[in-house]
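Beneath this line is the structure, given in structure tokens, with notes to follow.
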Amino acid sequence: NDEQVLEFGRAICNNLLAAEAACEDQPLPKPDPGPPEHLLAPPGLVGDICQWINDTALKDQPLLTLGATLAFCGALFGRKVRDQWDNRTNLYVMSVAPSSAGKDHARKKIKALVEAAYMTEILGGEDVTSDAAIEKRMQDHPVSLFLMDEIGHLMQSIKHSSVSSPHLAKILPCLMKLYSSAANTYLGKEYAALERREIIQPCCCLYGTTT
């Protein structure tokens, strides 16, 4: 009847008001302050490149710019610089951002900078097909920078490739071995008809963008 409907409506309203009051008593979450400002404006060459990229961007993405610049400078100083613990400058960086967020800008400007400096030989392919392809590239160019757009698609392909495409499944282990071999010699796979690839102090740097 009408009285039961009204009573049901009052109960719903009372429950909603009680829930709202309980929420008001809870402290509001603190907003994420983001990365410290000094990290987005580093000194020296890294900072100069970051500022140039940011000044030419339609959309402000200083954190993505920093990632791309660090990967590029890692390759630029590859096999030339080490610290007291024998760490090298090889870096793998992935930038994740929504579509149309401007995530491609830093990658394109790094490529333009490389082309302007006549050092395109430092650039690896924008896509890789197998671990053997990576080994071949690093054997010919022990310092290489891979600039990969939509690297998430590659990761998805690798994830589901163990049976259908085993050559893709071996890409990540190859990259991991190259990373850990930066201070010594990378020993490639043994082949029946080919010589084993040996790469002295490989500096493989990677910058990928994805949604």
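Labeling convention for the structure tokens: chains A, B, ... as they appear, residues from 1 per chain, ligands from 1 in order of appearance.
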
Task: Residue contacts of Pro42 (chain A) (12 Å, only C-alpha atoms) excluding same-chain residues fewer than 4 positions away, as a list in words - done: Pro36, Glu37, His38, Val46, Gly47, Asp48, Ile49, Cys50, Gln51, Pro62, Leu63, Thr65, Leu66, Gly67, Thr69 and Leu70 of chain A

Residue subset to file, keeping N, CA, C and O atoms, as an mmCIF file, in the first residue's frame:
```
data_model
loop_
_atom_site.group_PDB
_atom_site.id
_atom_site.type_symbol
_atom_site.label_atom_id
_atom_site.label_comp_id
_atom_site.auth_asym_id
_atom_site.auth_seq_id
_atom_site.Cartn_x
_atom_site.Cartn_y
_atom_site.Cartn_z
ATOM 1 N N PRO A 36 58.976 15.278 -7.839
ATOM 2 C CA PRO A 36 59.567 16.555 -7.421
ATOM 3 C C PRO A 36 60.000 17.394 -8.617
ATOM 4 O O PRO A 36 60.463 16.868 -9.629
ATOM 5 N N GLU A 37 59.845 18.683 -8.487
ATOM 6 C CA GLU A 37 60.157 19.590 -9.594
ATOM 7 C C GLU A 37 61.613 19.489 -10.029
ATOM 8 O O GLU A 37 61.925 19.596 -11.209
ATOM 9 N N HIS A 38 62.512 19.254 -9.077
ATOM 10 C CA HIS A 38 63.933 19.239 -9.452
ATOM 11 C C HIS A 38 64.263 18.044 -10.334
ATOM 12 O O HIS A 38 65.232 18.081 -11.094
ATOM 13 N N VAL A 46 71.154 16.707 -20.024
ATOM 14 C CA VAL A 46 69.821 16.109 -19.893
ATOM 15 C C VAL A 46 68.770 17.203 -19.730
ATOM 16 O O VAL A 46 67.718 17.188 -20.383
ATOM 17 N N GLY A 47 69.052 18.180 -18.878
ATOM 18 C CA GLY A 47 68.113 19.273 -18.670
ATOM 19 C C GLY A 47 67.922 20.132 -19.909
ATOM 20 O O GLY A 47 66.806 20.571 -20.205
ATOM 21 N N ASP A 48 69.009 20.375 -20.645
ATOM 22 C CA ASP A 48 68.903 21.185 -21.866
ATOM 23 C C ASP A 48 68.015 20.500 -22.904
ATOM 24 O O ASP A 48 67.185 21.138 -23.553
ATOM 25 N N ILE A 49 68.197 19.192 -23.062
ATOM 26 C CA ILE A 49 67.377 18.461 -24.032
ATOM 27 C C ILE A 49 65.927 18.428 -23.576
ATOM 28 O O ILE A 49 65.002 18.617 -24.386
ATOM 29 N N CYS A 50 65.700 18.193 -22.282
ATOM 30 C CA CYS A 50 64.332 18.183 -21.754
ATOM 31 C C CYS A 50 63.639 19.520 -22.002
ATOM 32 O O CYS A 50 62.470 19.558 -22.424
ATOM 33 N N GLN A 51 64.343 20.607 -21.745
ATOM 34 C CA GLN A 51 63.736 21.923 -21.937
ATOM 35 C C GLN A 51 63.394 22.153 -23.406
ATOM 36 O O GLN A 51 62.328 22.681 -23.734
ATOM 37 N N PRO A 62 56.271 16.591 -19.068
ATOM 38 C CA PRO A 62 57.688 16.634 -18.659
ATOM 39 C C PRO A 62 58.225 15.299 -18.167
ATOM 40 O O PRO A 62 59.412 15.014 -18.328
ATOM 41 N N LEU A 63 57.380 14.468 -17.561
ATOM 42 C CA LEU A 63 57.867 13.183 -17.059
ATOM 43 C C LEU A 63 58.204 12.249 -18.219
ATOM 44 O O LEU A 63 59.220 11.535 -18.189
ATOM 45 N N THR A 65 59.047 13.251 -21.178
ATOM 46 C CA THR A 65 60.233 13.858 -21.781
ATOM 47 C C THR A 65 61.504 13.414 -21.063
ATOM 48 O O THR A 65 62.515 13.090 -21.692
ATOM 49 N N LEU A 66 61.445 13.392 -19.737
ATOM 50 C CA LEU A 66 62.607 12.978 -18.956
ATOM 51 C C LEU A 66 62.988 11.532 -19.268
ATOM 52 O O LEU A 66 64.175 11.208 -19.447
ATOM 53 N N GLY A 67 61.989 10.655 -19.368
ATOM 54 C CA GLY A 67 62.272 9.256 -19.678
ATOM 55 C C GLY A 67 62.950 9.079 -21.018
ATOM 56 O O GLY A 67 63.930 8.335 -21.150
ATOM 57 N N THR A 69 64.655 11.321 -22.708
ATOM 58 C CA THR A 69 65.976 11.950 -22.703
ATOM 59 C C THR A 69 66.995 11.091 -21.970
ATOM 60 O O THR A 69 68.156 10.971 -22.404
ATOM 61 N N LEU A 70 66.591 10.482 -20.874
ATOM 62 C CA LEU A 70 67.514 9.618 -20.137
ATOM 63 C C LEU A 70 67.925 8.410 -20.980
ATOM 64 O O LEU A 70 69.098 8.014 -20.985
#
```

Open item on the list: Can you pull out the residues contacting region 170-180 of chain A? Cut-off 10 Å, using only C-alpha atoms, and skip same-chain residues under 6 positions away; I want them as number ranges by chain.
Closed with: A: 87-92, 128-135, 138, 154-155, 158-159, 161-162, 186-189, 199, 201-206

Selection export as a PDB file, in the first residue's frame, atoms kept: C-alpha atoms:
```pdb
ATOM      1  CA  ASN A  87      77.222   0.374 -13.375  1.00  0.00           C
ATOM      2  CA  ARG A  88      76.717   1.514 -16.964  1.00  0.00           C
ATOM      3  CA  THR A  89      74.298   3.859 -18.692  1.00  0.00           C
ATOM      4  CA  ASN A  90      72.044   1.264 -20.319  1.00  0.00           C
ATOM      5  CA  LEU A  91      68.397   2.105 -19.540  1.00  0.00           C
ATOM      6  CA  TYR A  92      65.016   0.641 -20.417  1.00  0.00           C
ATOM      7  CA  VAL A 128      61.910  -6.241 -33.405  1.00  0.00           C
ATOM      8  CA  THR A 129      60.997  -9.675 -34.698  1.00  0.00           C
ATOM      9  CA  SER A 130      63.155 -12.007 -32.615  1.00  0.00           C
ATOM     10  CA  ASP A 131      65.993 -12.333 -30.154  1.00  0.00           C
ATOM     11  CA  ALA A 132      68.305 -13.226 -33.043  1.00  0.00           C
ATOM     12  CA  ALA A 133      67.477  -9.896 -34.693  1.00  0.00           C
ATOM     13  CA  ILE A 134      68.385  -8.045 -31.501  1.00  0.00           C
ATOM     14  CA  GLU A 135      71.643  -9.984 -31.178  1.00  0.00           C
ATOM     15  CA  MET A 138      73.889  -5.351 -31.072  1.00  0.00           C
ATOM     16  CA  LEU A 154      54.677  -6.025 -28.685  1.00  0.00           C
ATOM     17  CA  MET A 155      54.399  -7.028 -25.038  1.00  0.00           C
ATOM     18  CA  ILE A 158      55.214 -11.767 -26.546  1.00  0.00           C
ATOM     19  CA  LYS A 159      52.838 -12.772 -23.736  1.00  0.00           C
ATOM     20  CA  SER A 161      53.616 -16.258 -28.267  1.00  0.00           C
ATOM     21  CA  SER A 162      55.189 -19.154 -26.385  1.00  0.00           C
ATOM     22  CA  TYR A 186      77.307 -11.018 -23.811  1.00  0.00           C
ATOM     23  CA  LEU A 187      77.536 -14.556 -25.157  1.00  0.00           C
ATOM     24  CA  GLY A 188      74.824 -15.327 -27.688  1.00  0.00           C
ATOM     25  CA  LYS A 189      73.180 -18.591 -28.599  1.00  0.00           C
ATOM     26  CA  ILE A 199      79.218  -8.617 -27.763  1.00  0.00           C
ATOM     27  CA  GLN A 201      80.009  -4.492 -22.994  1.00  0.00           C
ATOM     28  CA  PRO A 202      76.728  -4.050 -24.901  1.00  0.00           C
ATOM     29  CA  CYS A 203      74.820  -0.846 -24.205  1.00  0.00           C
ATOM     30  CA  CYS A 204      71.247  -1.502 -25.216  1.00  0.00           C
ATOM     31  CA  CYS A 205      68.878   1.374 -24.413  1.00  0.00           C
ATOM     32  CA  LEU A 206      65.150   1.305 -25.036  1.00  0.00           C
TER      33      LEU A 206
END
```

TODO: Considering only C-alpha atoms, state which residue in the set A:Asp83, A:Glu190, A:Glu126, A:Asp104 is at the smallest distance from Leu147 (chain A).
DONE: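 Looking only at the distances to Leu147 (chain A), the closest residue turns out to be A:Glu126.
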
Task: Residue with smallest distance to Arg197 (chain A) - pool A:Asn14, A:Ser181, A:Gln61, A:Gln139, counting only C-alpha atoms - done: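 Looking only at the distances to Arg197 (chain A), the closest residue turns out to be A:Gln139.
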
- [ ] Run DSSP on the backbone and give me the residues of chain A it puts in alpha helix (DSSP H), as number ranges by chain.
- [x] A: 2-25, 37-40, 44-55, 62-76, 105-116, 131-140, 151-159, 166-169, 171-180

With C-alpha atoms kept, could you save the residues just selected as an mmCIF file, in the first residue's frame?
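As written to disk, again09.cif reads:
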```cif
data_model
loop_
_atom_site.group_PDB
_atom_site.id
_atom_site.type_symbol
_atom_site.label_atom_id
_atom_site.label_comp_id
_atom_site.auth_asym_id
_atom_site.auth_seq_id
_atom_site.Cartn_x
_atom_site.Cartn_y
_atom_site.Cartn_z
ATOM 1 C CA ASP A 2 0.938 3.685 -0.138
ATOM 2 C CA GLU A 3 2.086 3.773 3.486
ATOM 3 C CA GLN A 4 4.526 0.913 2.919
ATOM 4 C CA VAL A 5 5.928 2.628 -0.175
ATOM 5 C CA LEU A 6 6.450 5.868 1.774
ATOM 6 C CA GLU A 7 8.130 3.990 4.613
ATOM 7 C CA PHE A 8 10.423 2.239 2.157
ATOM 8 C CA GLY A 9 11.351 5.585 0.583
ATOM 9 C CA ARG A 10 12.096 7.124 4.013
ATOM 10 C CA ALA A 11 14.392 4.207 4.848
ATOM 11 C CA ILE A 12 16.331 4.653 1.612
ATOM 12 C CA CYS A 13 16.725 8.409 2.220
ATOM 13 C CA ASN A 14 17.844 7.873 5.819
ATOM 14 C CA ASN A 15 20.431 5.328 4.713
ATOM 15 C CA LEU A 16 21.760 7.683 2.052
ATOM 16 C CA LEU A 17 22.005 10.581 4.508
ATOM 17 C CA ALA A 18 23.769 8.378 7.052
ATOM 18 C CA ALA A 19 26.265 7.206 4.419
ATOM 19 C CA GLU A 20 26.950 10.798 3.350
ATOM 20 C CA ALA A 21 27.520 11.878 6.948
ATOM 21 C CA ALA A 22 29.943 9.007 7.455
ATOM 22 C CA CYS A 23 31.879 10.069 4.357
ATOM 23 C CA GLU A 24 32.090 13.644 5.591
ATOM 24 C CA ASP A 25 33.728 12.418 8.789
ATOM 25 C CA GLU A 37 60.157 19.590 -9.594
ATOM 26 C CA HIS A 38 63.933 19.239 -9.452
ATOM 27 C CA LEU A 39 63.687 15.837 -11.145
ATOM 28 C CA LEU A 40 61.809 17.351 -14.083
ATOM 29 C CA GLY A 44 73.442 19.726 -17.710
ATOM 30 C CA LEU A 45 72.818 18.139 -21.082
ATOM 31 C CA VAL A 46 69.821 16.109 -19.893
ATOM 32 C CA GLY A 47 68.113 19.273 -18.670
ATOM 33 C CA ASP A 48 68.903 21.185 -21.866
ATOM 34 C CA ILE A 49 67.377 18.461 -24.032
ATOM 35 C CA CYS A 50 64.332 18.183 -21.754
ATOM 36 C CA GLN A 51 63.736 21.923 -21.937
ATOM 37 C CA TRP A 52 64.024 21.909 -25.738
ATOM 38 C CA ILE A 53 61.546 19.055 -26.045
ATOM 39 C CA ASN A 54 59.119 20.612 -23.561
ATOM 40 C CA ASP A 55 59.314 24.018 -25.258
ATOM 41 C CA PRO A 62 57.688 16.634 -18.659
ATOM 42 C CA LEU A 63 57.867 13.183 -17.059
ATOM 43 C CA LEU A 64 57.657 11.433 -20.436
ATOM 44 C CA THR A 65 60.233 13.858 -21.781
ATOM 45 C CA LEU A 66 62.607 12.978 -18.956
ATOM 46 C CA GLY A 67 62.272 9.256 -19.678
ATOM 47 C CA ALA A 68 63.015 9.668 -23.369
ATOM 48 C CA THR A 69 65.976 11.950 -22.703
ATOM 49 C CA LEU A 70 67.514 9.618 -20.137
ATOM 50 C CA ALA A 71 67.302 6.673 -22.545
ATOM 51 C CA PHE A 72 68.884 8.749 -25.311
ATOM 52 C CA CYS A 73 71.696 10.027 -23.109
ATOM 53 C CA GLY A 74 72.227 6.486 -21.861
ATOM 54 C CA ALA A 75 73.000 5.467 -25.426
ATOM 55 C CA LEU A 76 74.963 8.655 -26.086
ATOM 56 C CA HIS A 105 56.392 13.964 -28.999
ATOM 57 C CA ALA A 106 59.533 13.227 -26.981
ATOM 58 C CA ARG A 107 60.286 10.115 -29.028
ATOM 59 C CA LYS A 108 59.953 12.031 -32.303
ATOM 60 C CA LYS A 109 62.139 14.905 -31.080
ATOM 61 C CA ILE A 110 64.874 12.499 -29.941
ATOM 62 C CA LYS A 111 64.828 10.960 -33.402
ATOM 63 C CA ALA A 112 65.034 14.414 -34.991
ATOM 64 C CA LEU A 113 67.963 15.289 -32.728
ATOM 65 C CA VAL A 114 69.788 12.095 -33.722
ATOM 66 C CA GLU A 115 69.203 12.811 -37.406
ATOM 67 C CA ALA A 116 70.408 16.404 -37.058
ATOM 68 C CA ASP A 131 65.993 -12.333 -30.154
ATOM 69 C CA ALA A 132 68.305 -13.226 -33.043
ATOM 70 C CA ALA A 133 67.477 -9.896 -34.693
ATOM 71 C CA ILE A 134 68.385 -8.045 -31.501
ATOM 72 C CA GLU A 135 71.643 -9.984 -31.178
ATOM 73 C CA LYS A 136 72.535 -9.188 -34.784
ATOM 74 C CA ARG A 137 71.826 -5.507 -34.262
ATOM 75 C CA MET A 138 73.889 -5.351 -31.072
ATOM 76 C CA GLN A 139 76.756 -7.265 -32.653
ATOM 77 C CA ASP A 140 76.953 -4.717 -35.463
ATOM 78 C CA ILE A 151 55.347 -1.151 -27.295
ATOM 79 C CA GLY A 152 52.353 -2.497 -25.392
ATOM 80 C CA HIS A 153 51.256 -4.367 -28.523
ATOM 81 C CA LEU A 154 54.677 -6.025 -28.685
ATOM 82 C CA MET A 155 54.399 -7.028 -25.038
ATOM 83 C CA GLN A 156 50.970 -8.528 -25.659
ATOM 84 C CA SER A 157 52.315 -10.485 -28.630
ATOM 85 C CA ILE A 158 55.214 -11.767 -26.546
ATOM 86 C CA LYS A 159 52.838 -12.772 -23.736
ATOM 87 C CA PRO A 166 58.540 -18.871 -29.990
ATOM 88 C CA HIS A 167 60.915 -16.371 -31.622
ATOM 89 C CA LEU A 168 58.869 -13.580 -29.996
ATOM 90 C CA ALA A 169 58.859 -15.273 -26.606
ATOM 91 C CA ILE A 171 62.794 -11.273 -26.967
ATOM 92 C CA LEU A 172 62.382 -10.371 -23.288
ATOM 93 C CA PRO A 173 64.963 -12.891 -22.003
ATOM 94 C CA CYS A 174 67.390 -11.544 -24.605
ATOM 95 C CA LEU A 175 66.841 -7.947 -23.460
ATOM 96 C CA MET A 176 67.293 -8.972 -19.835
ATOM 97 C CA LYS A 177 70.574 -10.736 -20.599
ATOM 98 C CA LEU A 178 71.841 -7.763 -22.580
ATOM 99 C CA TYR A 179 70.976 -5.471 -19.677
ATOM 100 C CA SER A 180 72.871 -7.562 -17.141
#
```

- [ ] Have a look at A:Gly208, A:Gly78, A:Pro43, A:Gly34 and name the one nearest to Glu150 (chain A); count only C-alpha atoms.
- [x]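 Of all the options, A:Gly208 lies closest to Glu150 (chain A).
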
Open item on the list: Nearest residue to Val96 (chain A) out of A:Thr210, A:Ala41, A:Phe146, A:Lys30, using only C-alpha atoms?
Closed with: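 Nearest to Val96 (chain A): A:Thr210.
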
Open item on the list: Between CA of Phe77 (chain A) and CA of Lys103 (chain A), what is the distance in Å, rounded to a tenth?
Closed with: 24.3 Å

- [ ] Quick one: everything within 8 Å of Lys59 (chain A), counting only C-alpha atoms, minus sequence neighbours fewer than 2 positions away in the same chain. Send it as a list in words.
- [x] Ala57, Gln61, Ala101 and Gly102 of chain A

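Taking CA of Tyr118 (chain A) and CA of Ala183 (chain A) as the two end points, the separation is 27.2 Å.
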
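If you look at CA of Pro142 (chain A) and CA of Arg79 (chain A), they are 8.6 Å away from each other.
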